[in-house]
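Undergrad: Structure supplied as work_17.cif; contents: mmCIF, C-alpha atoms.
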```cif
data_entry
#
loop_
_atom_site.label_atom_id
_atom_site.label_comp_id
_atom_site.auth_asym_id
_atom_site.auth_seq_id
_atom_site.Cartn_x
_atom_site.Cartn_y
_atom_site.Cartn_z
CA GLU A 213 -61.27 -83.83 172.08
CA ALA A 214 -61.79 -85.47 175.46
CA GLY A 215 -63.72 -88.72 175.47
CA VAL A 216 -66.54 -89.93 177.70
CA ALA A 217 -65.38 -89.96 181.31
CA GLN A 218 -66.70 -92.43 183.87
CA SER A 219 -65.96 -93.03 187.53
CA PRO A 220 -65.23 -95.07 189.47
CA ARG A 221 -63.53 -97.73 187.34
CA TYR A 222 -64.19 -100.50 189.83
CA LYS A 223 -66.56 -100.94 192.76
CA ILE A 224 -67.19 -103.82 195.14
CA ILE A 225 -70.20 -103.64 197.43
CA GLU A 226 -72.28 -106.00 199.52
CA LYS A 227 -75.82 -106.88 198.50
CA ARG A 228 -78.46 -104.46 199.76
CA GLN A 229 -75.96 -101.59 199.76
CA SER A 230 -76.29 -98.62 197.44
CA VAL A 231 -73.87 -97.42 194.75
CA ALA A 232 -73.64 -94.53 192.30
CA PHE A 233 -71.80 -94.13 189.03
CA TRP A 234 -70.91 -90.88 187.32
CA CYS A 235 -70.57 -90.03 183.62
CA ASN A 236 -69.40 -86.90 181.83
CA PRO A 237 -70.18 -87.09 178.09
CA ILE A 238 -68.24 -85.56 175.24
CA SER A 239 -68.73 -81.80 175.26
CA GLY A 240 -71.75 -80.72 173.25
CA HIS A 241 -73.25 -84.20 172.91
CA ALA A 242 -77.01 -84.05 173.39
CA THR A 243 -77.67 -87.78 173.79
CA LEU A 244 -76.42 -89.79 176.77
CA TYR A 245 -76.86 -93.53 177.30
CA TRP A 246 -76.36 -95.91 180.20
CA TYR A 247 -75.82 -99.59 179.36
CA GLN A 248 -75.44 -102.69 181.49
CA GLN A 249 -73.13 -105.42 180.20
CA ILE A 250 -73.23 -108.77 181.95
CA LEU A 251 -70.23 -111.02 181.37
CA GLY A 252 -70.48 -112.81 178.03
CA GLN A 253 -73.37 -110.70 176.71
CA GLY A 254 -73.81 -107.61 174.57
CA PRO A 255 -74.54 -104.26 176.25
CA LYS A 256 -78.18 -103.71 177.20
CA LEU A 257 -79.62 -100.19 177.19
CA LEU A 258 -80.89 -99.09 180.61
CA ILE A 259 -81.76 -95.45 179.98
CA GLN A 260 -81.30 -92.82 177.27
CA PHE A 261 -81.39 -89.05 177.74
CA GLN A 262 -81.86 -86.38 175.11
CA ASN A 263 -80.45 -83.24 176.73
CA ASN A 264 -81.88 -83.52 180.26
CA GLY A 265 -85.03 -85.44 179.32
CA VAL A 266 -85.51 -89.22 179.37
CA VAL A 267 -86.45 -90.65 175.96
CA ASP A 268 -86.21 -94.35 176.83
CA ASP A 269 -86.07 -96.14 180.19
CA SER A 270 -88.09 -99.20 179.23
CA GLN A 271 -85.45 -101.65 180.50
CA LEU A 272 -84.48 -99.79 183.66
CA PRO A 273 -85.48 -101.72 186.83
CA LYS A 274 -87.14 -98.69 188.36
CA ASP A 275 -87.69 -100.29 191.76
CA ARG A 276 -83.93 -100.15 192.39
CA PHE A 277 -82.26 -98.16 189.62
CA SER A 278 -82.48 -94.42 189.08
CA ALA A 279 -80.66 -91.98 186.85
CA GLU A 280 -80.56 -88.26 186.33
CA ARG A 281 -78.88 -85.85 183.97
CA LEU A 282 -78.79 -82.44 185.53
CA LYS A 283 -78.50 -79.42 183.23
CA GLY A 284 -78.19 -81.76 180.24
CA VAL A 285 -74.51 -82.44 180.83
CA ASP A 286 -73.17 -85.07 183.24
CA SER A 287 -75.22 -87.93 184.64
CA THR A 288 -75.40 -90.27 187.61
CA LEU A 289 -76.80 -93.80 187.76
CA LYS A 290 -77.75 -95.18 191.17
CA ILE A 291 -78.61 -98.66 192.39
CA GLN A 292 -80.37 -99.03 195.74
CA PRO A 293 -80.45 -101.69 197.06
CA ALA A 294 -78.02 -103.74 194.99
CA LYS A 295 -78.59 -107.42 194.23
CA LEU A 296 -76.07 -110.09 193.27
CA GLU A 297 -77.39 -110.10 189.69
CA ASP A 298 -76.43 -106.42 189.32
CA SER A 299 -72.79 -107.48 189.01
CA ALA A 300 -71.85 -106.18 185.57
CA VAL A 301 -70.00 -103.47 183.71
CA TYR A 302 -71.94 -100.21 183.47
CA LEU A 303 -71.13 -98.29 180.32
CA CYS A 304 -71.92 -94.69 179.53
CA ALA A 305 -72.02 -93.38 175.97
CA SER A 306 -72.85 -90.14 174.21
CA SER A 307 -73.70 -89.07 170.68
CA PRO A 308 -74.02 -85.64 169.09
CA ARG A 309 -77.68 -85.58 168.07
CA ILE A 310 -80.55 -87.64 166.69
CA THR A 311 -80.18 -86.27 163.16
CA GLY A 312 -77.06 -86.01 161.07
CA SER A 313 -74.16 -87.94 162.56
CA ARG A 314 -75.47 -90.30 165.21
CA GLU A 315 -72.15 -91.96 166.05
CA ALA A 316 -71.99 -92.96 169.71
CA PHE A 317 -68.80 -93.05 171.78
CA PHE A 318 -68.30 -95.06 174.96
CA GLY A 319 -66.47 -94.50 178.21
CA GLN A 320 -64.25 -97.12 179.81
CA GLY A 321 -67.05 -98.39 182.04
CA THR A 322 -67.47 -99.15 185.72
CA ARG A 323 -67.05 -102.76 186.77
CA LEU A 324 -69.44 -103.50 189.67
CA THR A 325 -69.14 -106.60 191.81
CA VAL A 326 -71.91 -107.30 194.32
CA VAL A 327 -70.97 -109.85 196.99
CA GLY B 171 -88.30 -104.35 168.77
CA ILE B 172 -85.50 -104.70 166.27
CA GLN B 173 -83.50 -107.94 166.30
CA VAL B 174 -79.73 -107.90 165.74
CA GLU B 175 -78.01 -111.20 164.98
CA GLN B 176 -74.27 -111.62 164.64
CA SER B 177 -72.41 -114.56 163.17
CA PRO B 178 -70.37 -116.53 163.80
CA PRO B 179 -70.56 -116.38 167.61
CA ASP B 180 -66.97 -117.57 167.94
CA LEU B 181 -64.03 -117.50 165.57
CA ILE B 182 -60.48 -118.79 165.94
CA LEU B 183 -57.83 -117.72 163.44
CA GLN B 184 -54.14 -118.08 162.83
CA GLU B 185 -52.24 -114.85 162.54
CA GLY B 186 -52.31 -113.61 158.95
CA ALA B 187 -55.69 -115.12 158.07
CA ASN B 188 -58.65 -113.15 156.76
CA SER B 189 -62.18 -113.23 158.17
CA THR B 190 -65.69 -111.92 157.61
CA LEU B 191 -68.12 -111.11 160.42
CA ARG B 192 -71.81 -110.65 159.68
CA CYS B 193 -74.58 -108.59 161.26
CA ASN B 194 -78.23 -109.09 160.27
CA PHE B 195 -80.96 -106.75 161.46
CA SER B 196 -84.73 -106.98 161.22
CA ASP B 197 -85.81 -103.39 160.50
CA SER B 198 -84.73 -100.24 158.66
CA VAL B 199 -81.89 -98.50 160.45
CA ASN B 200 -80.43 -94.99 160.47
CA ASN B 201 -77.35 -95.91 162.47
CA LEU B 202 -75.07 -98.92 162.34
CA GLN B 203 -71.80 -99.09 164.19
CA TRP B 204 -69.11 -101.74 164.57
CA PHE B 205 -67.15 -101.86 167.81
CA HIS B 206 -64.19 -103.84 169.07
CA GLN B 207 -64.23 -104.63 172.78
CA ASN B 208 -60.69 -105.15 173.95
CA PRO B 209 -59.68 -107.45 176.83
CA TRP B 210 -59.98 -104.50 179.25
CA GLY B 211 -63.63 -104.01 178.31
CA GLN B 212 -63.25 -100.77 176.36
CA LEU B 213 -65.55 -100.41 173.35
CA ILE B 214 -63.52 -99.01 170.49
CA ASN B 215 -65.32 -97.44 167.54
CA LEU B 216 -64.40 -99.16 164.28
CA PHE B 217 -66.98 -97.90 161.80
CA TYR B 218 -70.05 -95.68 161.69
CA ILE B 219 -71.67 -97.14 158.58
CA PRO B 220 -75.48 -96.92 158.15
CA SER B 221 -74.92 -97.62 154.45
CA GLY B 222 -72.12 -98.07 151.93
CA THR B 223 -68.54 -99.20 152.29
CA LYS B 224 -65.64 -97.88 154.34
CA GLN B 225 -62.06 -98.96 154.85
CA ASN B 226 -59.57 -98.28 157.61
CA GLY B 227 -56.25 -100.05 157.21
CA ARG B 228 -56.74 -103.80 157.42
CA LEU B 229 -60.41 -103.43 158.32
CA SER B 230 -63.29 -102.65 156.03
CA ALA B 231 -67.06 -102.72 156.37
CA THR B 232 -70.05 -102.82 154.06
CA THR B 233 -73.68 -102.18 154.94
CA VAL B 234 -76.45 -103.11 152.52
CA ALA B 235 -79.34 -101.33 154.22
CA THR B 236 -81.97 -102.51 151.72
CA GLU B 237 -81.09 -106.15 152.48
CA ARG B 238 -80.61 -105.50 156.21
CA TYR B 239 -77.11 -106.73 156.78
CA SER B 240 -73.59 -105.49 157.36
CA LEU B 241 -70.22 -107.21 156.98
CA LEU B 242 -66.94 -106.51 158.73
CA TYR B 243 -63.80 -107.74 156.97
CA ILE B 244 -60.53 -108.27 158.80
CA SER B 245 -57.52 -108.95 156.62
CA SER B 246 -54.09 -110.22 157.67
CA SER B 247 -55.29 -110.68 161.25
CA GLN B 248 -52.98 -109.96 164.17
CA THR B 249 -53.07 -111.14 167.77
CA THR B 250 -54.12 -107.63 168.78
CA ASP B 251 -57.34 -108.12 166.81
CA SER B 252 -58.51 -110.59 169.45
CA GLY B 253 -61.56 -109.61 171.47
CA VAL B 254 -65.28 -109.26 170.89
CA TYR B 255 -66.75 -107.48 167.88
CA PHE B 256 -70.17 -105.92 168.30
CA CYS B 257 -72.62 -104.58 165.79
CA ALA B 258 -75.11 -101.98 167.08
CA VAL B 259 -78.04 -100.40 165.24
CA SER B 260 -80.81 -97.89 165.77
CA VAL B 261 -84.18 -97.92 164.04
CA SER B 262 -85.06 -95.22 161.54
CA GLY B 263 -87.40 -92.57 162.91
CA GLY B 264 -86.54 -93.12 166.54
CA TYR B 265 -84.36 -91.38 169.11
CA ASN B 266 -81.20 -93.26 168.05
CA LYS B 267 -81.82 -96.04 170.60
CA LEU B 268 -78.69 -98.12 169.99
CA ILE B 269 -79.31 -101.88 170.19
CA PHE B 270 -76.41 -104.36 170.30
CA GLY B 271 -76.01 -107.84 168.93
CA ALA B 272 -74.54 -110.62 171.06
CA GLY B 273 -71.11 -110.19 169.48
CA THR B 274 -68.51 -112.33 167.72
CA ARG B 275 -65.66 -113.52 169.92
CA LEU B 276 -62.43 -113.58 167.92
CA ALA B 277 -59.22 -115.24 169.03
CA VAL B 278 -56.13 -114.81 166.84
CA HIS B 279 -53.26 -117.16 167.62
CA PRO B 280 -49.62 -116.58 166.62
#
```
Re-express the file's structure as structure tokens.

TA:
Amino acid sequence: EAGVAQSPRYKIIEKRQSVAFWCNPISGHATLYWYQQILGQGPKLLIQFQNNGVVDDSQLPKDRFSAERLKGVDSTLKIQPAKLEDSAVYLCASSPRITGSREAFFGQGTRLTVV
Amino acid sequence: GIQVEQSPPDLILQEGANSTLRCNFSDSVNNLQWFHQNPWGQLINLFYIPSGTKQNGRLSATTVATERYSLLYISSSQTTDSGVYFCAVSVSGGYNKLIFGAGTRLAVHP
């Protein structure tokens, strides 16, 4: 079974530029998560989708971050414009459903550096 | 929201030693997972353990949901066990919003 795929692996941009990250979850997984992990901290949830609907985006900085999950499969996370403090690893995860097995699996992440 | 506290924050071991990592949480949960984050940043699933006890080789985990804690045991540690161990939980009745603790940073020296 293929895991969660993310791209790109690394990205360096200047502040005020825009950037987009892509995630393809495990086939058949209904729930998709985007996390931000700043160096030395635990991952922080940015947004959670159930199929193609948002169920939690309470910690997403909506003035600069946006995310979509078209057709309930893959997803993109965008930052526009980027700030220095957005430098972090962006992790995507998926889990099968909200009942039964809820085990989440993570992709390798995208390391973003804003200079 | 739910609070997740991990202890100790840092741990240094000699190869071959045993250790216990703890995760306390402040509410009833329907999901608890332990992850190992390797030096390349990949989060590796160790255990999906909302309750009970599981073992996988040198690692085992126990969750006592009624007392709101989980323990991860590492026996006969190896240098490859180094990295950060995270506990993550989701609150019962919700949409499986997975909340992470701050992690335990483990260094195993030869």

Undergrad: Translate the PyMOL selection byres ((chain B) within 12 of (chain A)), as applied to the file shown, into an explicit residue set as a PyMOL selection string.

TA: chain B and resi 171+174-176+179-180+199-220+253-275

Undergrad: Once the PyMOL selection byres ((chain A and resi 290) around 8) has been evaluated on this model, what residues remain selected, and can you format them as a list of chain:residue names?

TA: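 Here the PyMOL selection byres ((chain A and resi 290) around 8) matches A:Ser230, A:Val231, A:Ala232, A:Phe233, A:Phe277, A:Ser278, A:Ala279, A:Thr288, A:Leu289, A:Ile291, A:Gln292.
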
Undergrad: Mind pulling up the distance from CA of Ser177 (chain B) to CA of Gly222 (chain B)?

TA: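 Spanning CA of Gly222 (chain B) to CA of Ser177 (chain B) is a straight-line distance of 20.0 Å.
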
Undergrad: Applied to this file, what does the PyMOL selection byres ((chain A and resi 217-221) around 6) return in terms of residues, put as a ChimeraX atom specification?

TA: /A:216,222,234-236,319,322

Undergrad: For the atom pair CA of Pro237 (chain A) and CA of Ile224 (chain A), what is the interatomic distance in Å to one decimal place?

TA: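 CA of Ile224 (chain A) lies 24.1 Å from CA of Pro237 (chain A).
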
Undergrad: Between CA of Cys304 (chain A) and CA of Ser270 (chain A), measure the distance and give it in Å to one decimal.

TA: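 Atom-to-atom, CA of Cys304 (chain A) and CA of Ser270 (chain A) are spaced 16.8 Å apart.
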